[in-house]
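Coordinates as given in structure-v2.cif (mmCIF, C-alpha atoms):
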```
data_my_file
#
loop_
_atom_site.label_atom_id
_atom_site.label_comp_id
_atom_site.auth_asym_id
_atom_site.auth_seq_id
_atom_site.Cartn_x
_atom_site.Cartn_y
_atom_site.Cartn_z
CA MET A 126 43.36 -109.08 58.56
CA ARG A 127 41.72 -110.75 61.58
CA ASP A 128 40.47 -114.32 61.60
CA PRO A 129 37.30 -114.27 59.41
CA TYR A 130 35.34 -116.44 61.87
CA SER A 131 36.13 -113.91 64.59
CA VAL A 132 35.15 -110.98 62.33
CA LEU A 133 31.75 -112.56 61.65
CA GLY A 134 31.34 -113.64 65.26
CA VAL A 135 30.75 -117.31 64.46
CA ALA A 136 32.39 -120.54 65.56
CA LYS A 137 34.73 -122.39 63.23
CA SER A 138 32.17 -125.19 63.15
CA ALA A 139 29.32 -122.84 62.07
CA SER A 140 27.06 -123.99 59.25
CA GLU A 141 26.75 -122.15 55.92
CA SER A 142 23.37 -120.76 56.96
CA GLU A 143 24.77 -119.50 60.27
CA ILE A 144 27.63 -117.77 58.47
CA LYS A 145 25.28 -116.21 55.92
CA LYS A 146 22.94 -114.99 58.70
CA ALA A 147 25.84 -113.40 60.59
CA PHE A 148 27.07 -111.68 57.42
CA ARG A 149 23.62 -110.27 56.60
CA LYS A 150 23.33 -108.81 60.10
CA LEU A 151 26.76 -107.16 60.09
CA ALA A 152 26.55 -105.93 56.49
CA LYS A 153 23.27 -104.20 57.23
CA LYS A 154 24.69 -102.71 60.43
CA TYR A 155 27.91 -101.31 58.93
CA HIS A 156 26.92 -100.50 55.33
CA PRO A 157 28.25 -97.01 54.35
CA ASP A 158 24.80 -95.81 53.30
CA GLN A 159 23.62 -96.48 56.85
CA ASN A 160 26.65 -94.79 58.46
CA LYS A 161 27.53 -91.79 56.32
CA ASP A 162 29.12 -89.89 59.23
CA ASP A 163 31.14 -92.81 60.62
CA PRO A 164 34.34 -93.59 58.66
CA GLY A 165 35.03 -96.48 61.04
CA ALA A 166 31.87 -98.21 59.94
CA GLN A 167 33.09 -98.21 56.35
CA GLN A 168 36.27 -100.05 57.33
CA ARG A 169 34.29 -102.50 59.42
CA PHE A 170 31.97 -103.10 56.44
CA ALA A 171 34.97 -103.88 54.20
CA GLU A 172 36.36 -106.23 56.85
CA VAL A 173 33.03 -108.07 57.10
CA ASN A 174 32.88 -108.40 53.29
CA GLN A 175 36.44 -109.79 53.20
CA ALA A 176 35.68 -112.28 55.95
CA TYR A 177 32.60 -113.55 54.14
CA GLU A 178 34.61 -113.73 50.91
CA ILE A 179 36.69 -116.40 52.64
CA VAL A 180 34.36 -118.45 54.84
CA GLY A 181 31.23 -117.83 52.77
CA ASP A 182 32.82 -119.70 49.86
CA LYS A 183 32.97 -123.47 50.34
CA ASP A 184 36.31 -123.98 48.56
CA LYS A 185 38.07 -120.99 50.13
CA ARG A 186 36.80 -121.93 53.57
CA ALA A 187 38.30 -125.37 53.18
CA GLN A 188 41.60 -123.87 52.01
CA PHE A 189 41.64 -121.48 54.97
CA ASP A 190 40.84 -124.24 57.45
CA ARG A 191 43.71 -126.33 56.02
CA GLY A 192 46.06 -123.35 56.34
CA GLU A 193 46.62 -122.99 52.60
CA ILE A 194 45.43 -119.37 52.39
CA ASP A 195 45.42 -116.54 54.89
CA ALA A 196 42.54 -114.31 56.07
CA GLU A 197 42.91 -112.13 52.97
CA GLY A 198 42.70 -115.12 50.63
CA LYS A 199 46.40 -115.02 49.76
CA GLN A 200 48.30 -118.27 49.20
CA LYS A 201 50.73 -119.13 51.97
CA PHE A 202 54.30 -119.89 50.82
CA SER A 203 56.31 -122.80 52.18
CA SER A 204 60.07 -123.21 52.47
CA GLN A 205 59.82 -126.13 50.04
CA GLY A 206 59.35 -123.85 47.05
CA PHE A 207 56.40 -123.21 44.81
CA GLU A 208 55.61 -126.63 43.44
CA GLY A 209 52.15 -127.98 44.05
CA PHE A 210 50.46 -124.63 44.39
CA SER A 211 47.45 -124.69 42.10
CA GLY A 212 46.30 -121.19 42.90
CA PHE A 213 49.02 -119.48 40.84
CA GLU A 214 49.53 -119.17 37.16
CA ASP A 215 52.56 -118.25 35.14
CA PHE A 216 55.18 -116.57 37.33
CA GLY A 217 57.24 -114.00 35.39
CA ALA A 218 60.22 -115.62 33.80
CA ALA A 219 62.66 -112.83 34.37
CA GLY A 220 63.31 -110.60 37.28
CA GLY A 221 61.25 -112.68 39.73
CA GLY A 222 57.94 -111.19 38.55
CA GLY A 223 55.04 -111.36 41.00
CA ALA A 224 52.15 -113.77 40.90
CA ARG A 225 49.89 -112.73 38.09
CA GLY A 226 46.63 -114.47 38.54
CA PHE A 227 45.43 -115.70 41.90
CA LYS A 228 41.84 -116.32 40.90
CA SER A 229 39.00 -115.63 43.27
CA SER A 230 36.08 -118.03 43.05
CA GLY A 231 34.05 -114.84 42.75
CA GLY A 232 30.90 -113.80 44.50
CA GLY A 233 32.00 -114.78 48.00
CA GLY A 234 29.28 -117.38 48.30
CA GLY A 235 26.73 -114.98 46.87
CA PHE A 236 27.34 -111.89 49.03
CA ASP A 237 26.33 -109.61 46.13
CA ASP A 238 22.93 -111.27 46.14
CA ILE A 239 22.69 -111.07 49.91
CA LEU A 240 23.44 -107.34 49.87
CA ASN A 241 20.90 -106.89 47.10
CA ASP A 242 18.29 -108.50 49.34
CA ILE A 243 19.22 -106.29 52.29
CA PHE A 244 19.47 -102.92 50.58
CA GLY A 245 17.14 -103.30 47.60
CA GLY A 246 19.50 -103.02 44.66
CA PHE A 247 23.24 -103.07 44.07
CA GLY A 248 25.28 -102.99 40.89
CA GLY A 249 26.17 -106.20 39.12
CA ARG A 250 29.18 -108.25 40.04
CA GLY A 251 32.41 -106.44 39.59
CA GLY A 252 31.06 -103.09 40.77
CA ARG A 253 32.84 -101.08 43.43
CA SER A 254 31.63 -100.64 46.96
CA ARG A 255 31.42 -97.19 48.54
CA THR A 256 34.57 -97.98 50.52
CA GLY A 257 36.47 -97.65 47.22
CA ALA A 258 38.49 -100.11 45.20
CA GLY A 259 41.60 -99.53 47.26
CA GLY A 260 39.87 -99.02 50.55
CA PRO A 261 40.22 -101.09 53.71
CA GLY A 262 39.55 -104.75 53.26
CA ALA A 263 39.49 -104.67 49.45
CA GLY A 264 41.61 -107.82 49.17
CA ALA A 265 41.78 -110.77 46.85
CA GLY A 266 38.49 -112.23 45.82
CA PHE A 267 36.80 -108.85 46.06
CA ALA A 268 36.21 -108.24 42.39
CA GLY A 269 36.79 -104.56 41.86
CA GLY A 270 36.56 -103.87 45.59
CA GLY A 271 33.03 -105.14 46.31
CA PRO A 272 29.44 -104.55 45.22
CA ARG A 273 28.50 -101.10 44.07
CA ALA A 274 25.52 -99.59 45.82
CA LYS A 275 22.97 -97.96 43.54
CA ALA A 276 21.49 -94.69 44.71
CA PRO A 277 18.10 -95.34 46.34
CA PRO A 278 15.16 -94.26 44.17
CA LYS A 279 13.76 -90.78 44.64
CA ILE A 280 10.27 -90.94 46.08
CA LYS A 281 7.77 -88.09 45.82
CA GLY A 282 6.28 -86.93 49.12
CA LYS A 283 2.66 -87.48 50.04
CA ASN A 284 -0.01 -84.89 49.33
CA ALA A 285 -1.26 -82.89 52.30
CA GLU A 286 -5.04 -82.70 52.65
CA ILE A 287 -6.03 -79.31 54.10
CA VAL A 288 -9.51 -77.92 54.78
CA ALA A 289 -9.92 -74.14 54.47
CA ARG A 290 -13.04 -72.67 56.08
CA VAL A 291 -13.88 -69.61 54.02
CA SER A 292 -16.38 -66.84 54.80
CA LEU A 293 -18.58 -65.21 52.16
CA GLU A 294 -16.84 -61.92 52.95
CA ASP A 295 -13.46 -63.53 52.07
CA ILE A 296 -14.83 -64.71 48.72
CA VAL A 297 -16.29 -61.33 47.74
CA ASN A 298 -13.81 -58.87 49.23
CA SER A 299 -10.26 -60.28 49.52
CA GLY A 300 -10.62 -63.33 47.28
CA LYS A 301 -8.09 -65.12 49.52
CA THR A 302 -7.90 -67.39 52.53
CA GLN A 303 -5.10 -68.43 54.87
CA VAL A 304 -3.95 -72.03 55.33
CA THR A 305 -1.19 -73.66 57.39
CA LEU A 306 1.11 -76.04 55.46
CA PRO A 307 2.73 -79.22 56.84
CA ASN A 308 5.92 -77.24 57.57
CA ARG A 309 3.86 -74.95 59.89
CA LYS A 310 4.15 -72.05 57.49
CA THR A 311 0.99 -69.96 56.98
CA VAL A 312 0.31 -68.75 53.44
CA ASN A 313 -2.43 -66.84 51.62
CA VAL A 314 -4.26 -68.87 48.98
CA THR A 315 -6.01 -67.09 46.13
CA LEU A 316 -9.53 -68.39 45.64
CA PRO A 317 -10.50 -69.11 42.03
CA LYS A 318 -13.35 -67.14 40.51
CA GLY A 319 -16.69 -68.74 41.15
CA VAL A 320 -15.26 -71.02 43.84
CA GLU A 321 -17.79 -73.50 45.19
CA ASP A 322 -18.15 -75.41 48.43
CA GLY A 323 -16.04 -78.59 48.31
CA GLU A 324 -13.82 -77.37 45.46
CA LYS A 325 -10.12 -78.27 45.79
CA ILE A 326 -7.13 -76.04 45.08
CA ARG A 327 -3.73 -77.67 44.35
CA LEU A 328 -0.59 -76.02 45.73
CA LYS A 329 2.29 -77.73 43.92
CA GLY A 330 5.26 -78.78 46.03
CA GLN A 331 3.69 -77.60 49.29
CA GLY A 332 2.90 -81.05 50.69
CA TYR A 333 5.04 -83.47 52.67
CA PRO A 334 8.77 -83.75 51.76
CA GLY A 335 9.97 -86.52 49.49
CA GLU A 336 12.43 -89.29 50.30
CA ASN A 337 16.00 -89.71 49.02
CA GLY A 338 15.92 -86.26 47.43
CA GLY A 339 12.56 -86.79 45.76
CA PRO A 340 10.18 -83.84 45.18
CA ALA A 341 7.68 -82.76 47.80
CA GLY A 342 4.04 -83.67 47.40
CA ASP A 343 1.28 -81.14 46.79
CA ALA A 344 -1.08 -79.46 49.23
CA MET A 345 -4.72 -80.11 48.34
CA VAL A 346 -6.81 -77.33 49.86
CA GLU A 347 -10.51 -78.15 50.09
CA VAL A 348 -12.72 -75.06 50.34
CA ARG A 349 -15.53 -75.20 52.87
CA ILE A 350 -17.80 -72.13 52.86
CA LYS A 351 -18.95 -71.09 56.32
CA PRO A 352 -22.69 -70.72 56.91
CA HIS A 353 -23.76 -67.04 57.12
CA LYS A 354 -26.21 -65.65 59.64
CA LEU A 355 -28.04 -63.57 56.98
CA PHE A 356 -27.37 -64.88 53.49
CA GLU A 357 -28.28 -68.17 51.82
CA ILE A 358 -26.29 -69.33 48.78
CA LYS A 359 -28.01 -70.52 45.62
CA GLY A 360 -25.43 -70.81 42.86
CA SER A 361 -23.80 -67.40 42.48
CA ASP A 362 -26.88 -65.61 43.90
CA LEU A 363 -27.47 -64.75 47.54
CA HIS A 364 -30.87 -64.72 49.24
CA LEU A 365 -31.84 -62.48 52.16
CA ASP A 366 -35.07 -62.18 54.20
CA LEU A 367 -35.68 -58.49 55.02
CA PRO A 368 -38.08 -57.81 57.92
CA LEU A 369 -40.47 -54.79 57.47
CA THR A 370 -42.84 -53.04 59.82
CA LEU A 371 -46.48 -52.84 58.81
CA TYR A 372 -46.28 -49.13 58.21
CA GLU A 373 -43.11 -49.47 56.05
CA ALA A 374 -44.98 -51.95 53.89
CA VAL A 375 -48.10 -49.76 53.65
CA LEU A 376 -46.46 -46.35 53.27
CA GLY A 377 -43.21 -47.35 51.56
CA ALA A 378 -39.74 -46.57 52.94
CA LYS A 379 -35.97 -46.65 52.40
CA VAL A 380 -34.65 -49.55 54.46
CA ARG A 381 -30.98 -50.13 55.26
CA THR A 382 -30.13 -53.53 53.75
CA PRO A 383 -26.83 -55.42 54.35
CA THR A 384 -24.73 -56.77 51.47
CA LEU A 385 -21.32 -58.46 51.52
CA SER A 386 -19.67 -55.31 50.18
CA GLY A 387 -21.45 -52.89 52.56
CA ALA A 388 -25.02 -51.82 53.43
CA VAL A 389 -27.28 -50.04 50.91
CA ASN A 390 -30.63 -48.22 51.24
CA LEU A 391 -33.31 -50.31 49.52
CA THR A 392 -36.43 -48.45 48.38
CA ILE A 393 -39.57 -50.31 49.48
CA PRO A 394 -42.61 -49.35 47.36
CA GLU A 395 -45.97 -48.45 48.95
CA ASN A 396 -48.35 -51.31 49.70
CA ALA A 397 -45.53 -53.87 49.48
CA SER A 398 -46.69 -57.39 50.17
CA SER A 399 -44.89 -59.79 52.47
CA GLY A 400 -43.03 -62.33 50.32
CA LYS A 401 -42.30 -59.84 47.54
CA THR A 402 -38.73 -60.33 46.20
CA MET A 403 -36.52 -57.44 45.16
CA ARG A 404 -33.27 -57.86 43.24
CA LEU A 405 -29.97 -56.05 43.90
CA LYS A 406 -27.88 -56.59 40.74
CA GLY A 407 -24.22 -57.63 41.16
CA LYS A 408 -24.40 -58.00 44.93
CA GLY A 409 -24.03 -61.78 44.88
CA LEU A 410 -20.94 -64.00 44.62
CA PRO A 411 -18.25 -63.88 41.91
CA THR A 412 -18.89 -66.08 38.88
CA LYS A 413 -16.39 -68.12 36.89
CA ASN A 414 -16.65 -65.74 33.92
CA GLY A 415 -15.62 -62.76 36.02
CA GLY A 416 -19.05 -61.28 36.81
CA HIS A 417 -21.17 -61.39 39.96
CA GLY A 418 -24.47 -62.93 40.88
CA ASP A 419 -27.35 -60.93 42.44
CA LEU A 420 -28.75 -60.44 45.92
CA LEU A 421 -32.43 -61.41 46.09
CA VAL A 422 -34.22 -59.65 48.97
CA LYS A 423 -37.47 -61.18 50.18
CA LEU A 424 -39.76 -58.82 52.15
CA GLN A 425 -41.19 -60.15 55.39
CA ILE A 426 -43.85 -57.99 57.14
CA ILE A 427 -43.60 -58.23 60.90
CA MET A 428 -46.59 -57.35 63.07
CA PRO A 429 -46.18 -55.32 66.26
CA PRO A 430 -44.95 -57.43 69.19
CA HIS A 431 -47.94 -56.37 71.36
CA GLY A 432 -51.64 -55.83 70.67
CA ASP A 433 -52.78 -52.28 69.76
CA ASP A 434 -56.36 -51.07 70.26
CA GLU A 435 -56.18 -48.38 67.57
CA LEU A 436 -54.77 -50.80 65.01
CA GLU A 437 -57.47 -53.31 65.84
CA THR A 438 -60.22 -50.67 65.43
CA LEU A 439 -58.68 -49.55 62.12
CA MET A 440 -58.52 -53.08 60.78
CA LYS A 441 -62.16 -53.76 61.69
CA ALA A 442 -63.31 -50.62 59.87
CA TRP A 443 -61.05 -51.43 56.92
CA LYS A 444 -62.48 -54.92 56.70
CA GLU A 445 -66.02 -53.49 56.52
CA ILE A 446 -65.27 -50.61 54.15
CA THR A 447 -62.48 -52.00 51.89
CA PRO A 448 -62.38 -55.79 51.93
CA TYR A 449 -59.91 -57.54 49.50
CA ARG A 450 -58.83 -61.08 48.59
CA ALA A 451 -55.36 -62.19 49.66
CA ARG A 452 -55.75 -65.72 48.18
CA GLY A 453 -56.65 -66.84 44.70
CA PRO A 454 -59.43 -69.26 43.70
CA GLU A 455 -57.03 -72.21 43.97
CA PHE A 456 -57.37 -71.87 47.77
CA ASP A 457 -61.18 -72.15 47.66
#
```

Now that the file is in, can you turn its structure into structure tokens?
Amino acid sequence: MRDPYSVLGVAKSASESEIKKAFRKLAKKYHPDQNKDDPGAQQRFAEVNQAYEIVGDKDKRAQFDRGEIDAEGKQKFSSQGFEGFSGFEDFGAAGGGGARGFKSSGGGGGFDDILNDIFGGFGGRGGRSRTGAGGPGAGAGFAGGGPRAKAPPKIKGKNAEIVARVSLEDIVNSGKTQVTLPNRKTVNVTLPKGVEDGEKIRLKGQGYPGENGGPAGDAMVEVRIKPHKLFEIKGSDLHLDLPLTLYEAVLGAKVRTPTLSGAVNLTIPENASSGKTMRLKGKGLPTKNGGHGDLLVKLQIIMPPHGDDELETLMKAWKEITPYRARGPEFD
């Protein structure tokens, strides 16, 4: 065992606080949990612990400085015999039995507590360090070979917040949307029935990874419904403005009308007024109970883009022969 002052990198005249500071620094640097792939670090850690066991304890430091114990805390023998050595108890009477009870002062000046402060939780005194009870540096004064490191707590990973921009066609036809998870993997997410804008879908265990073997967090997918160029959403119903020519409104017609599941031919009755609303059952969005809302089609009569002499003459005659009220008395 090397000189403990040299192991800790301090002068023989160093104060207790300087010795403790040096130990904290080296223990943190060489602790086995910090150097799992470096066997040499484990031996260095044990050596640092043993050094602090000597010079970190006021009584042992004094004994070492006087030459009464060596760097491992063992009593030095003199040629004068064994008298006067207070560190031994009860040699075996027969057969020259070995020393039975060199007593450590225990705790090494509080190195268990220091390691607890550094690494956030070790076993009580008397536990074994990860270097093992018989490992390098597990000498006298190291009760049971050093402090026992507790496994760090398992910490669940953070949730991942993901925004999924969903089209009305996705909601009605596939019922799914694609999202990219924190691990860069793209997955299909099933949309719940009657999904609404801003609703969140939880994907368990698909968030950020945990720490120290803890479970992964969840992925929280927020649904954002894309605006549509034709349809307006009101609950589970869709609303559509359908432009009509003047003659389609007067004579009636079958007009091709888009829906999310494909176009249909909508029958426009004769003399249809602009603003009239027609209902296409089940052509809206899915509902939470498994059904579908409706598509409400509002007729909008569009006049010709350019003036027409014949139409103007017709309207003047019509006004004289068959006048009618378009507005009720509330407009008078």

Worksheet item: What does the PyMOL selection byres ((chain A and resi 388-396) around 7) select in this file, as a list of chain:residue names?
Response: A:Ala374, A:Val375, A:Leu376, A:Gly377, A:Ala378, A:Lys379, A:Val380, A:Arg381, A:Thr382, A:Pro383, A:Thr384, A:Gly387, A:Ala397, A:Ser398

For the residues selected in the previous step, produce a file with C-alpha atoms as a PDB file, keeping the file's coordinate frame.
```
ATOM      1  CA  ALA A 374     -44.980 -51.950  53.890  1.00  0.00           C
ATOM      2  CA  VAL A 375     -48.100 -49.760  53.650  1.00  0.00           C
ATOM      3  CA  LEU A 376     -46.460 -46.350  53.270  1.00  0.00           C
ATOM      4  CA  GLY A 377     -43.210 -47.350  51.560  1.00  0.00           C
ATOM      5  CA  ALA A 378     -39.740 -46.570  52.940  1.00  0.00           C
ATOM      6  CA  LYS A 379     -35.970 -46.650  52.400  1.00  0.00           C
ATOM      7  CA  VAL A 380     -34.650 -49.550  54.460  1.00  0.00           C
ATOM      8  CA  ARG A 381     -30.980 -50.130  55.260  1.00  0.00           C
ATOM      9  CA  THR A 382     -30.130 -53.530  53.750  1.00  0.00           C
ATOM     10  CA  PRO A 383     -26.830 -55.420  54.350  1.00  0.00           C
ATOM     11  CA  THR A 384     -24.730 -56.770  51.470  1.00  0.00           C
ATOM     12  CA  GLY A 387     -21.450 -52.890  52.560  1.00  0.00           C
ATOM     13  CA  ALA A 397     -45.530 -53.870  49.480  1.00  0.00           C
ATOM     14  CA  SER A 398     -46.690 -57.390  50.170  1.00  0.00           C
TER      15      SER A 398
END
```

| said: What does the structure give for the distance between atom CA of A:Lys145 and atom CA of A:Tyr177, in Å to one decimal? | reply: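 It comes out at 8.0 Å.
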
Expressed in Å, the length from atom CA of A:Val173 to atom CA of A:Ile194 is 17.4 Å

>> For A:Leu385, find every residue with an atom within 8 Å (counting all atoms listed in the file), except residues of its own chain fewer than 5 positions away, and show them as a count of residues only.
In response: 6

Review point. From the set A:Met345, A:Val314, A:Ile296, A:Ile179, which residue has the shortest atom-to-atom contact distance to A:His417, counting only C-alpha atoms?
Key: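 Ranked by minimum distance to A:His417, first place goes to A:Ile296.
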
(request) Using atom CA of A:Gln331 and atom CA of A:Asn313 as the two end points, give the distance in Å to one decimal. (result)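 These two atoms are separated by 12.6 Å.
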
(Q) Applying the PyMOL selection byres ((chain A and resi 169) around 12) to the file I just gave you, which residues come out? Please list them as a ChimeraX atom specification. (A) /A:126-127,132-133,148,151-157,160,163-168,170-176,256,260-263

Restricting to only C-alpha atoms, whichever of A:Ile287, A:Val312, A:Leu369, A:Ala139 is closest to A:Gly181 is A:Ala139

Discussion item. Expand the PyMOL selection byres ((chain A and resi 352) around 12) into the explicit residue set it covers here, and present it as a PyMOL selection string.
Written reply: chain A and resi 290-294+322+349-351+353-358

Q.
Given the point (3.1, -78.8, 43.4) in the file's coordinates, find the residues that have an atom at most 10 Å from it, counting only C-alpha atoms, and give them as a ChimeraX atom specification.
A. /A:284,327-332,340-345

### Task
Would you mind telling me which residue in A:Gly339, A:Met428, A:Leu439, A:His364 lies nearest to A:Leu405 when using only C-alpha atoms?
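Of A:Gly339, A:Met428, A:Leu439, A:His364, the one nearest A:Leu405, counting only C-alpha atoms, is A:His364.
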
Residues proximal to (13.1, -94.0, 47.3) were defined as those with any atom within 9 Å of that point in the file's coordinates, counting only C-alpha atoms. Which are they, as a ChimeraX atom specification?
/A:276-281,335-339
